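S.K.: Next up, work_23.pdb (PDB, C-alpha atoms (C1' of nucleotides)).
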MODEL        1
ATOM      1  CA  MET O  16       0.000   0.000   0.000  1.00  0.00           C
ATOM      2  CA  LEU O  17       1.168   3.434  -0.749  1.00  0.00           C
ATOM      3  CA  GLN O  18      -0.117   4.895   2.403  1.00  0.00           C
ATOM      4  CA  VAL O  19       1.758   2.637   4.667  1.00  0.00           C
ATOM      5  CA  LYS O  20       1.903   4.865   7.635  1.00  0.00           C
ATOM      6  CA  LYS O  21       5.088   4.143   9.424  1.00  0.00           C
ATOM      7  CA  LYS O  22       4.558   3.540  13.040  1.00  0.00           C
ATOM      8  CA  ILE O  23       6.966   5.447  15.117  1.00  0.00           C
ATOM      9  CA  ASN O  24       6.469   2.766  17.686  1.00  0.00           C
ATOM     10  CA  ASP O  25       8.365   0.329  15.508  1.00  0.00           C
ATOM     11  CA  ASP O  26      10.656   2.689  13.763  1.00  0.00           C
ATOM     12  CA  PHE O  27      14.207   3.788  13.822  1.00  0.00           C
ATOM     13  CA  PHE O  28      13.253   6.017  16.678  1.00  0.00           C
ATOM     14  CA  SER O  29      12.003   3.208  18.809  1.00  0.00           C
ATOM     15  CA  LYS O  30      15.268   1.400  18.384  1.00  0.00           C
ATOM     16  CA  VAL O  31      17.095   4.482  19.465  1.00  0.00           C
ATOM     17  CA  TYR O  32      14.912   4.637  22.537  1.00  0.00           C
ATOM     18  CA  GLN O  33      15.547   0.995  23.290  1.00  0.00           C
ATOM     19  CA  VAL O  34      19.283   1.351  23.059  1.00  0.00           C
ATOM     20  CA  THR O  35      19.321   4.602  24.943  1.00  0.00           C
ATOM     21  CA  LYS O  36      17.266   3.154  27.760  1.00  0.00           C
ATOM     22  CA  CYS O  37      19.743   0.283  27.920  1.00  0.00           C
ATOM     23  CA  ILE O  38      22.602   2.595  28.691  1.00  0.00           C
ATOM     24  CA  PRO O  39      23.755   1.703  32.196  1.00  0.00           C
ATOM     25  CA  TYR O  40      24.012   4.236  34.966  1.00  0.00           C
ATOM     26  CA  GLY O  41      27.190   6.217  34.772  1.00  0.00           C
ATOM     27  CA  ARG O  42      27.825   5.192  31.201  1.00  0.00           C
ATOM     28  CA  ILE O  43      27.655   7.206  28.020  1.00  0.00           C
ATOM     29  CA  THR O  44      27.642   6.582  24.311  1.00  0.00           C
ATOM     30  CA  SER O  45      27.729   8.475  21.092  1.00  0.00           C
ATOM     31  CA  TYR O  46      25.167   9.078  18.387  1.00  0.00           C
ATOM     32  CA  GLY O  47      27.339   7.386  15.835  1.00  0.00           C
ATOM     33  CA  ALA O  48      27.684   4.281  17.982  1.00  0.00           C
ATOM     34  CA  ILE O  49      23.932   3.944  18.261  1.00  0.00           C
ATOM     35  CA  ALA O  50      23.437   4.664  14.588  1.00  0.00           C
ATOM     36  CA  ARG O  51      26.018   2.077  13.737  1.00  0.00           C
ATOM     37  CA  TYR O  52      24.355  -0.410  16.015  1.00  0.00           C
ATOM     38  CA  LEU O  53      21.083   0.206  14.241  1.00  0.00           C
ATOM     39  CA  GLY O  54      22.724  -0.496  10.924  1.00  0.00           C
ATOM     40  CA  SER O  55      23.060   3.000   9.559  1.00  0.00           C
ATOM     41  CA  GLY O  56      26.472   4.188  10.539  1.00  0.00           C
ATOM     42  CA  ARG O  57      26.085   7.597   9.039  1.00  0.00           C
ATOM     43  CA  SER O  58      22.570   8.265  10.216  1.00  0.00           C
ATOM     44  CA  ALA O  59      23.720   9.617  13.514  1.00  0.00           C
ATOM     45  CA  ARG O  60      21.604  12.675  12.898  1.00  0.00           C
ATOM     46  CA  MET O  61      18.546  10.517  13.143  1.00  0.00           C
ATOM     47  CA  VAL O  62      19.617   9.396  16.556  1.00  0.00           C
ATOM     48  CA  GLY O  63      19.743  12.970  17.687  1.00  0.00           C
ATOM     49  CA  TRP O  64      16.420  13.551  16.027  1.00  0.00           C
ATOM     50  CA  ALA O  65      14.892  10.668  17.862  1.00  0.00           C
ATOM     51  CA  LEU O  66      16.252  11.879  21.140  1.00  0.00           C
ATOM     52  CA  ASN O  67      14.868  15.288  20.350  1.00  0.00           C
ATOM     53  CA  VAL O  68      11.370  13.872  20.393  1.00  0.00           C
ATOM     54  CA  SER O  69      12.263  11.439  23.150  1.00  0.00           C
ATOM     55  CA  HIS O  70      11.002  13.832  25.756  1.00  0.00           C
ATOM     56  CA  ILE O  71       7.513  13.232  24.417  1.00  0.00           C
ATOM     57  CA  ASN O  72       7.999   9.598  25.151  1.00  0.00           C
ATOM     58  CA  GLN O  73       6.282   8.378  28.256  1.00  0.00           C
ATOM     59  CA  GLU O  74       9.354   6.527  29.388  1.00  0.00           C
ATOM     60  CA  PHE O  75      12.295   8.426  30.685  1.00  0.00           C
ATOM     61  CA  ILE O  76      15.040   8.386  28.102  1.00  0.00           C
ATOM     62  CA  PRO O  77      18.513   9.001  29.499  1.00  0.00           C
ATOM     63  CA  ALA O  78      19.338  11.127  26.518  1.00  0.00           C
ATOM     64  CA  HIS O  79      21.863  12.979  28.618  1.00  0.00           C
ATOM     65  CA  ARG O  80      24.018   9.861  28.382  1.00  0.00           C
ATOM     66  CA  VAL O  81      24.204  10.262  24.629  1.00  0.00           C
ATOM     67  CA  VAL O  82      26.707  12.729  23.309  1.00  0.00           C
ATOM     68  CA  ASN O  83      28.519  13.222  20.069  1.00  0.00           C
ATOM     69  CA  ARG O  84      31.639  11.297  19.225  1.00  0.00           C
ATOM     70  CA  ASN O  85      33.823  14.051  20.577  1.00  0.00           C
ATOM     71  CA  GLY O  86      32.324  13.698  24.025  1.00  0.00           C
ATOM     72  CA  LEU O  87      30.850  17.143  23.739  1.00  0.00           C
ATOM     73  CA  LEU O  88      27.440  17.862  25.208  1.00  0.00           C
ATOM     74  CA  THR O  89      26.006  19.209  22.016  1.00  0.00           C
ATOM     75  CA  GLY O  90      22.426  18.631  23.049  1.00  0.00           C
ATOM     76  CA  LYS O  91      22.603  20.153  26.474  1.00  0.00           C
ATOM     77  CA  HIS O  92      20.569  23.053  25.260  1.00  0.00           C
ATOM     78  CA  HIS O  93      17.629  20.747  24.667  1.00  0.00           C
ATOM     79  CA  PHE O  94      17.265  19.724  28.271  1.00  0.00           C
ATOM     80  CA  GLY O  95      15.386  22.820  29.238  1.00  0.00           C
ATOM     81  CA  ASN O  96      18.260  24.361  31.060  1.00  0.00           C
ATOM     82  CA  SER O  97      21.708  24.217  29.587  1.00  0.00           C
ATOM     83  CA  THR O  98      23.044  22.854  32.827  1.00  0.00           C
ATOM     84  CA  THR O  99      20.568  19.999  33.223  1.00  0.00           C
ATOM     85  CA  MET O 100      22.442  17.564  31.029  1.00  0.00           C
ATOM     86  CA  GLU O 101      25.748  18.350  32.619  1.00  0.00           C
ATOM     87  CA  GLN O 102      24.281  18.085  36.088  1.00  0.00           C
ATOM     88  CA  LEU O 103      22.828  14.667  35.373  1.00  0.00           C
ATOM     89  CA  LEU O 104      26.069  13.356  33.944  1.00  0.00           C
ATOM     90  CA  VAL O 105      28.174  14.756  36.738  1.00  0.00           C
ATOM     91  CA  ASN O 106      25.729  13.228  39.163  1.00  0.00           C
ATOM     92  CA  GLU O 107      26.429   9.860  37.582  1.00  0.00           C
ATOM     93  CA  GLY O 108      30.152  10.149  37.948  1.00  0.00           C
ATOM     94  CA  ILE O 109      30.926  11.677  34.584  1.00  0.00           C
ATOM     95  CA  ILE O 110      33.610  14.295  34.746  1.00  0.00           C
ATOM     96  CA  ILE O 111      32.637  17.286  32.680  1.00  0.00           C
ATOM     97  CA  VAL O 112      34.660  20.406  32.184  1.00  0.00           C
ATOM     98  CA  ASN O 113      33.393  23.137  29.936  1.00  0.00           C
ATOM     99  CA  ASP O 114      30.785  20.791  28.401  1.00  0.00           C
ATOM    100  CA  TRP O 115      33.500  18.278  27.640  1.00  0.00           C
ATOM    101  CA  ILE O 116      33.472  14.761  29.036  1.00  0.00           C
ATOM    102  CA  ILE O 117      36.957  14.175  30.339  1.00  0.00           C
ATOM    103  CA  ASN O 118      36.567  10.468  30.977  1.00  0.00           C
ATOM    104  CA  PHE O 119      34.597   9.907  27.813  1.00  0.00           C
ATOM    105  CA  GLU O 120      36.514   6.850  26.675  1.00  0.00           C
ATOM    106  CA  GLU O 121      36.501   5.516  30.194  1.00  0.00           C
ATOM    107  CA  LYS O 122      32.735   5.689  30.567  1.00  0.00           C
ATOM    108  CA  PHE O 123      31.975   4.981  26.943  1.00  0.00           C
ATOM    109  CA  TRP O 124      29.396   2.298  26.387  1.00  0.00           C
ATOM    110  CA  ASP O 125      29.198   0.774  22.942  1.00  0.00           C
ATOM    111  CA  PRO O 126      25.789  -0.804  22.179  1.00  0.00           C
ATOM    112  CA  GLY O 127      27.359  -2.879  19.452  1.00  0.00           C
ATOM    113  CA  THR O 128      29.823  -4.371  21.889  1.00  0.00           C
ATOM    114  CA  GLU O 129      28.166  -4.263  25.273  1.00  0.00           C
ATOM    115  CA  LEU O 130      24.660  -4.835  23.996  1.00  0.00           C
ATOM    116  CA  LYS O 131      23.910  -7.430  21.425  1.00  0.00           C
TER
ATOM    117  C1'  DA T  23       5.242  18.071  -3.738  1.00  0.00           C
ATOM    118  C1'  DT T  24       9.572  20.558  -2.844  1.00  0.00           C
ATOM    119  C1'  DT T  25      12.871  22.524   0.301  1.00  0.00           C
ATOM    120  C1'  DC T  26      15.173  23.146   4.621  1.00  0.00           C
ATOM    121  C1'  DT T  27      16.637  21.900   8.828  1.00  0.00           C
ATOM    122  C1'  DG T  28      18.423  18.959  12.560  1.00  0.00           C
ATOM    123  C1'  DA T  29      21.157  16.872  19.834  1.00  0.00           C
ATOM    124  C1'  DC T  30      26.206  13.878  13.914  1.00  0.00           C
ATOM    125  C1'  DA T  31      30.076  11.832  11.502  1.00  0.00           C
ATOM    126  C1'  DG T  32      33.343  11.212   7.845  1.00  0.00           C
ATOM    127  C1'  DC T  33      36.217  12.837   4.352  1.00  0.00           C
ATOM    128  C1'  DA T  34      38.391  16.505   1.413  1.00  0.00           C
ATOM    129  C1'  DA T  35      40.924  20.655   0.686  1.00  0.00           C
TER
ATOM    130  C1'  DT R  19      45.893  21.099  11.851  1.00  0.00           C
ATOM    131  C1'  DT R  20      41.528  23.400  11.063  1.00  0.00           C
ATOM    132  C1'  DT R  21      37.643  24.460   8.318  1.00  0.00           C
ATOM    133  C1'  DG R  22      33.999  23.179   5.444  1.00  0.00           C
ATOM    134  C1'  DC R  23      31.082  20.225   2.603  1.00  0.00           C
ATOM    135  C1'  DT R  24      28.573  16.103   1.950  1.00  0.00           C
ATOM    136  C1'  DG R  25      25.853  11.975   3.352  1.00  0.00           C
ATOM    137  C1'  DC R  26      22.502  10.029   6.104  1.00  0.00           C
ATOM    138  C1'  DC R  27      16.897   9.767   7.196  1.00  0.00           C
ATOM    139  C1'  DA R  28      12.854  11.847   8.821  1.00  0.00           C
ATOM    140  C1'  DG R  29       9.788  15.512   9.939  1.00  0.00           C
ATOM    141  C1'  DA R  30       8.063  20.334   9.540  1.00  0.00           C
ATOM    142  C1'  DA R  31       6.876  24.497   6.694  1.00  0.00           C
TER
ENDMDL
END
Now, as a test, write the supplied structure out as structure tokens.

M.R.:
Amino acid sequence: MLQVKKKINDDFFSKVYQVTKCIPYGRITSYGAIARYLGSGRSARMVGWALNVSHINQEFIPAHRVVNRNGLLTGKHHFGNSTTMEQLLVNEGIIIVNDWIINFEEKFWDPGTELK
DNA sequence: ATTCTGACAGCAA
DNA sequence: TTTGCTGCCAGAA
């Protein structure tokens, strides 16, 4: 059918939510890692897009644990207050200085490796 | 229907 | 090395 309405519930977004919700406490990952895990390595933008609408989701999505591959809190501005994301991460043991995750590699959590 | 944008990432110059 | 463009997919105007 032409009008096959894609259900967001079973879409790329949902996968992003699943993976994101699987991120353990005190761990972080990158958009690219998630995108790669989903099969589209270069569709990292979609991951960010999904997280953008994740706040509409009923479940709490630890989107603050998802940063770009540089370990920079690029999406901190989308958490209401610019400090919310940083606060949450710092609260989980992530060391952040000037929006940069110092122990990024240390706390990095790869869905493709950790999750299966 | 077409165009632009978007919480990225990779590659080229 | 740094800067900039392109690719990716989906949604909004």

S.K.: Can you list every residue of chain R that has an atom at most 8 Å from chain O, with its nearest atom pair and the distance in Å to one decimal, using only C-alpha atoms (C1' of nucleotides), ordered by chain then number, as JSON lines?

M.R.:
{"residue": "R:DG25", "atom": "C1'", "partner": "O:Arg57", "partner_atom": "CA", "distance": 7.2}
{"residue": "R:DC26", "atom": "C1'", "partner": "O:Ser58", "partner_atom": "CA", "distance": 4.5}
{"residue": "R:DC27", "atom": "C1'", "partner": "O:Met61", "partner_atom": "CA", "distance": 6.2}
{"residue": "R:DA28", "atom": "C1'", "partner": "O:Met61", "partner_atom": "CA", "distance": 7.3}

S.K.: Residues of chain T that have any atom at most 12 Å from an atom of chain O: could you tabulate them with the shortest-distance atom pair and the distance in Å to one decimal, using all atoms listed in the file, ordered by chain and increasing number, as a Markdown table?

M.R.:
| residue | atom | partner | partner_atom | distance |
| --- | --- | --- | --- | --- |
| T:DT27 | C1' | O:Trp64 | CA | 11.0 |
| T:DG28 | C1' | O:Trp64 | CA | 6.7 |
| T:DA29 | C1' | O:Gly90 | CA | 3.9 |
| T:DC30 | C1' | O:Arg60 | CA | 4.9 |
| T:DA31 | C1' | O:Arg57 | CA | 6.3 |
| T:DG32 | C1' | O:Arg57 | CA | 8.2 |

S.K.: Tell me which protein, DNA and RNA residues are within 12 Å of DG22 in chain R, counting only C-alpha atoms (C1' of nucleotides), leaving out same-chain ones fewer than 5 positions away, and put them as a VMD selection string.

M.R.: chain T and resid 33 to 35

S.K.: Please indicate the distance in Å from CA of Glu121 in chain O to CA of Pro77 in chain O, rounded to one decimal place.

M.R.: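 Answer for the CA of Glu121 in chain O to CA of Pro77 in chain O separation: 18.3 Å.
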
S.K.: Residues at most 9 Å from Trp115 in chain O, counting only C-alpha atoms (C1' of nucleotides), excluding those fewer than 5 positions away in the same chain, as a short mmCIF file (atom, residue, chain, number, x, y, z; two decimals) with C-alpha atoms, in the frame of the given file?

M.R.:
data_model
loop_
_atom_site.label_atom_id
_atom_site.label_comp_id
_atom_site.auth_asym_id
_atom_site.auth_seq_id
_atom_site.Cartn_x
_atom_site.Cartn_y
_atom_site.Cartn_z
CA ASN O 85 33.82 14.05 20.58
CA GLY O 86 32.32 13.70 24.02
CA LEU O 87 30.85 17.14 23.74
CA LEU O 88 27.44 17.86 25.21
CA ILE O 110 33.61 14.30 34.75
#

S.K.: Please write the residues picked by the PyMOL selection byres ((chain T and resi 26) around 12) on this file as an MDAnalysis selection string.

M.R.: (chainID T and resid 24:25 27:28) or (chainID R and resid 29:31)

S.K.: Any idea what the distance is between C1' of DC23 in chain R and CA of Gly54 in chain O?

M.R.: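 A separation of 23.8 Å between them.
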
S.K.: Take CA of Leu103 in chain O and CA of Phe123 in chain O and report the distance between them in Å, one decimal.

M.R.: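 Rounded to one decimal, the two atoms are 15.8 Å apart.
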
S.K.: Of the candidates O:Asp125, O:Asn113, O:Asn72, O:Leu130, which shows the shortest atom-to-atom distance to Ala48 in chain O, using only C-alpha atoms?

M.R.: O:Asp125

S.K.: Once 3 Å is added on each side, what are the centre and the three edge lengths, in Å to one decimal, of the axis-aligned box enclosing the listed atoms of chain R? Present them as lines of an AutoDock Vina configuration file.

M.R.:
center_x = 26.4
center_y = 17.1
center_z = 6.9
size_x = 45.0
size_y = 20.7
size_z = 15.9

S.K.: Have a look at O:Arg80, O:Gln73, O:Asn96, O:Ile117 and name the one nearest to Val34 in chain O; count all atoms listed in the file.

M.R.: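 Checking each candidate against Val34 in chain O, we get O:Arg80 as the closest.
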
S.K.: With N, CA and C atoms as the goal, would you fill in the gaps in range 96-126 of chain O and present it as a PDB file, keeping the file's coordinate frame?

M.R.:
ATOM      1  N   ASN O  96      17.155  23.502  30.660  1.00  0.00           N
ATOM      2  CA  ASN O  96      18.260  24.361  31.060  1.00  0.00           C
ATOM      3  C   ASN O  96      19.564  23.808  30.505  1.00  0.00           C
ATOM      4  N   SER O  97      20.444  24.646  30.186  1.00  0.00           N
ATOM      5  CA  SER O  97      21.708  24.217  29.587  1.00  0.00           C
ATOM      6  C   SER O  97      22.562  23.423  30.570  1.00  0.00           C
ATOM      7  N   THR O  98      22.218  23.527  31.822  1.00  0.00           N
ATOM      8  CA  THR O  98      23.044  22.854  32.827  1.00  0.00           C
ATOM      9  C   THR O  98      22.471  21.509  33.238  1.00  0.00           C
ATOM     10  N   THR O  99      21.240  21.236  32.806  1.00  0.00           N
ATOM     11  CA  THR O  99      20.568  19.999  33.223  1.00  0.00           C
ATOM     12  C   THR O  99      21.345  18.759  32.798  1.00  0.00           C
ATOM     13  N   MET O 100      21.719  18.716  31.553  1.00  0.00           N
ATOM     14  CA  MET O 100      22.442  17.564  31.029  1.00  0.00           C
ATOM     15  C   MET O 100      23.761  17.368  31.768  1.00  0.00           C
ATOM     16  N   GLU O 101      24.458  18.439  31.936  1.00  0.00           N
ATOM     17  CA  GLU O 101      25.748  18.350  32.619  1.00  0.00           C
ATOM     18  C   GLU O 101      25.567  17.903  34.057  1.00  0.00           C
ATOM     19  N   GLN O 102      24.540  18.447  34.692  1.00  0.00           N
ATOM     20  CA  GLN O 102      24.281  18.085  36.088  1.00  0.00           C
ATOM     21  C   GLN O 102      24.021  16.600  36.216  1.00  0.00           C
ATOM     22  N   LEU O 103      23.170  16.086  35.331  1.00  0.00           N
ATOM     23  CA  LEU O 103      22.828  14.667  35.373  1.00  0.00           C
ATOM     24  C   LEU O 103      24.061  13.796  35.189  1.00  0.00           C
ATOM     25  N   LEU O 104      24.871  14.150  34.231  1.00  0.00           N
ATOM     26  CA  LEU O 104      26.069  13.356  33.944  1.00  0.00           C
ATOM     27  C   LEU O 104      27.056  13.411  35.102  1.00  0.00           C
ATOM     28  N   VAL O 105      27.256  14.607  35.606  1.00  0.00           N
ATOM     29  CA  VAL O 105      28.174  14.756  36.738  1.00  0.00           C
ATOM     30  C   VAL O 105      27.657  13.967  37.932  1.00  0.00           C
ATOM     31  N   ASN O 106      26.355  13.959  38.064  1.00  0.00           N
ATOM     32  CA  ASN O 106      25.729  13.228  39.163  1.00  0.00           C
ATOM     33  C   ASN O 106      25.966  11.721  39.034  1.00  0.00           C
ATOM     34  N   GLU O 107      26.205  11.286  37.811  1.00  0.00           N
ATOM     35  CA  GLU O 107      26.429   9.860  37.582  1.00  0.00           C
ATOM     36  C   GLU O 107      27.906   9.502  37.554  1.00  0.00           C
ATOM     37  N   GLY O 108      28.721  10.451  37.869  1.00  0.00           N
ATOM     38  CA  GLY O 108      30.152  10.149  37.948  1.00  0.00           C
ATOM     39  C   GLY O 108      30.919  10.557  36.712  1.00  0.00           C
ATOM     40  N   ILE O 109      30.241  11.225  35.790  1.00  0.00           N
ATOM     41  CA  ILE O 109      30.926  11.677  34.584  1.00  0.00           C
ATOM     42  C   ILE O 109      31.626  12.995  34.874  1.00  0.00           C
ATOM     43  N   ILE O 110      32.852  13.066  34.503  1.00  0.00           N
ATOM     44  CA  ILE O 110      33.610  14.295  34.746  1.00  0.00           C
ATOM     45  C   ILE O 110      33.470  15.215  33.544  1.00  0.00           C
ATOM     46  N   ILE O 111      32.869  16.353  33.772  1.00  0.00           N
ATOM     47  CA  ILE O 111      32.637  17.286  32.680  1.00  0.00           C
ATOM     48  C   ILE O 111      33.278  18.628  32.978  1.00  0.00           C
ATOM     49  N   VAL O 112      34.040  19.098  32.042  1.00  0.00           N
ATOM     50  CA  VAL O 112      34.660  20.406  32.184  1.00  0.00           C
ATOM     51  C   VAL O 112      34.397  21.194  30.916  1.00  0.00           C
ATOM     52  N   ASN O 113      33.684  22.290  31.087  1.00  0.00           N
ATOM     53  CA  ASN O 113      33.393  23.137  29.936  1.00  0.00           C
ATOM     54  C   ASN O 113      32.638  22.353  28.861  1.00  0.00           C
ATOM     55  N   ASP O 114      31.626  21.592  29.293  1.00  0.00           N
ATOM     56  CA  ASP O 114      30.785  20.791  28.401  1.00  0.00           C
ATOM     57  C   ASP O 114      31.534  19.638  27.734  1.00  0.00           C
ATOM     58  N   TRP O 115      32.720  19.370  28.200  1.00  0.00           N
ATOM     59  CA  TRP O 115      33.500  18.278  27.640  1.00  0.00           C
ATOM     60  C   TRP O 115      33.590  17.131  28.639  1.00  0.00           C
ATOM     61  N   ILE O 116      33.340  15.921  28.166  1.00  0.00           N
ATOM     62  CA  ILE O 116      33.472  14.761  29.036  1.00  0.00           C
ATOM     63  C   ILE O 116      34.928  14.320  29.075  1.00  0.00           C
ATOM     64  N   ILE O 117      35.539  14.490  30.205  1.00  0.00           N
ATOM     65  CA  ILE O 117      36.957  14.175  30.339  1.00  0.00           C
ATOM     66  C   ILE O 117      37.172  12.669  30.225  1.00  0.00           C
ATOM     67  N   ASN O 118      36.397  11.931  30.998  1.00  0.00           N
ATOM     68  CA  ASN O 118      36.567  10.468  30.977  1.00  0.00           C
ATOM     69  C   ASN O 118      35.588   9.827  29.997  1.00  0.00           C
ATOM     70  N   PHE O 119      35.540  10.395  28.826  1.00  0.00           N
ATOM     71  CA  PHE O 119      34.597   9.907  27.813  1.00  0.00           C
ATOM     72  C   PHE O 119      34.909   8.454  27.438  1.00  0.00           C
ATOM     73  N   GLU O 120      36.126   8.205  27.085  1.00  0.00           N
ATOM     74  CA  GLU O 120      36.514   6.850  26.675  1.00  0.00           C
ATOM     75  C   GLU O 120      36.368   5.869  27.837  1.00  0.00           C
ATOM     76  N   GLU O 121      36.579   6.381  29.014  1.00  0.00           N
ATOM     77  CA  GLU O 121      36.501   5.516  30.194  1.00  0.00           C
ATOM     78  C   GLU O 121      35.072   5.067  30.455  1.00  0.00           C
ATOM     79  N   LYS O 122      34.135   5.975  30.296  1.00  0.00           N
ATOM     80  CA  LYS O 122      32.735   5.689  30.567  1.00  0.00           C
ATOM     81  C   LYS O 122      31.961   5.308  29.313  1.00  0.00           C
ATOM     82  N   PHE O 123      32.652   5.261  28.205  1.00  0.00           N
ATOM     83  CA  PHE O 123      31.975   4.981  26.943  1.00  0.00           C
ATOM     84  C   PHE O 123      31.341   3.586  26.942  1.00  0.00           C
ATOM     85  N   TRP O 124      30.158   3.550  26.435  1.00  0.00           N
ATOM     86  CA  TRP O 124      29.396   2.298  26.387  1.00  0.00           C
ATOM     87  C   TRP O 124      28.935   2.046  24.955  1.00  0.00           C
ATOM     88  N   ASP O 125      29.524   1.052  24.333  1.00  0.00           N
ATOM     89  CA  ASP O 125      29.198   0.774  22.942  1.00  0.00           C
ATOM     90  C   ASP O 125      28.083  -0.255  22.852  1.00  0.00           C
ATOM     91  N   PRO O 126      26.932   0.117  22.306  1.00  0.00           N
ATOM     92  CA  PRO O 126      25.789  -0.804  22.179  1.00  0.00           C
ATOM     93  C   PRO O 126      26.136  -2.000  21.306  1.00  0.00           C
TER      94      PRO O 126
END
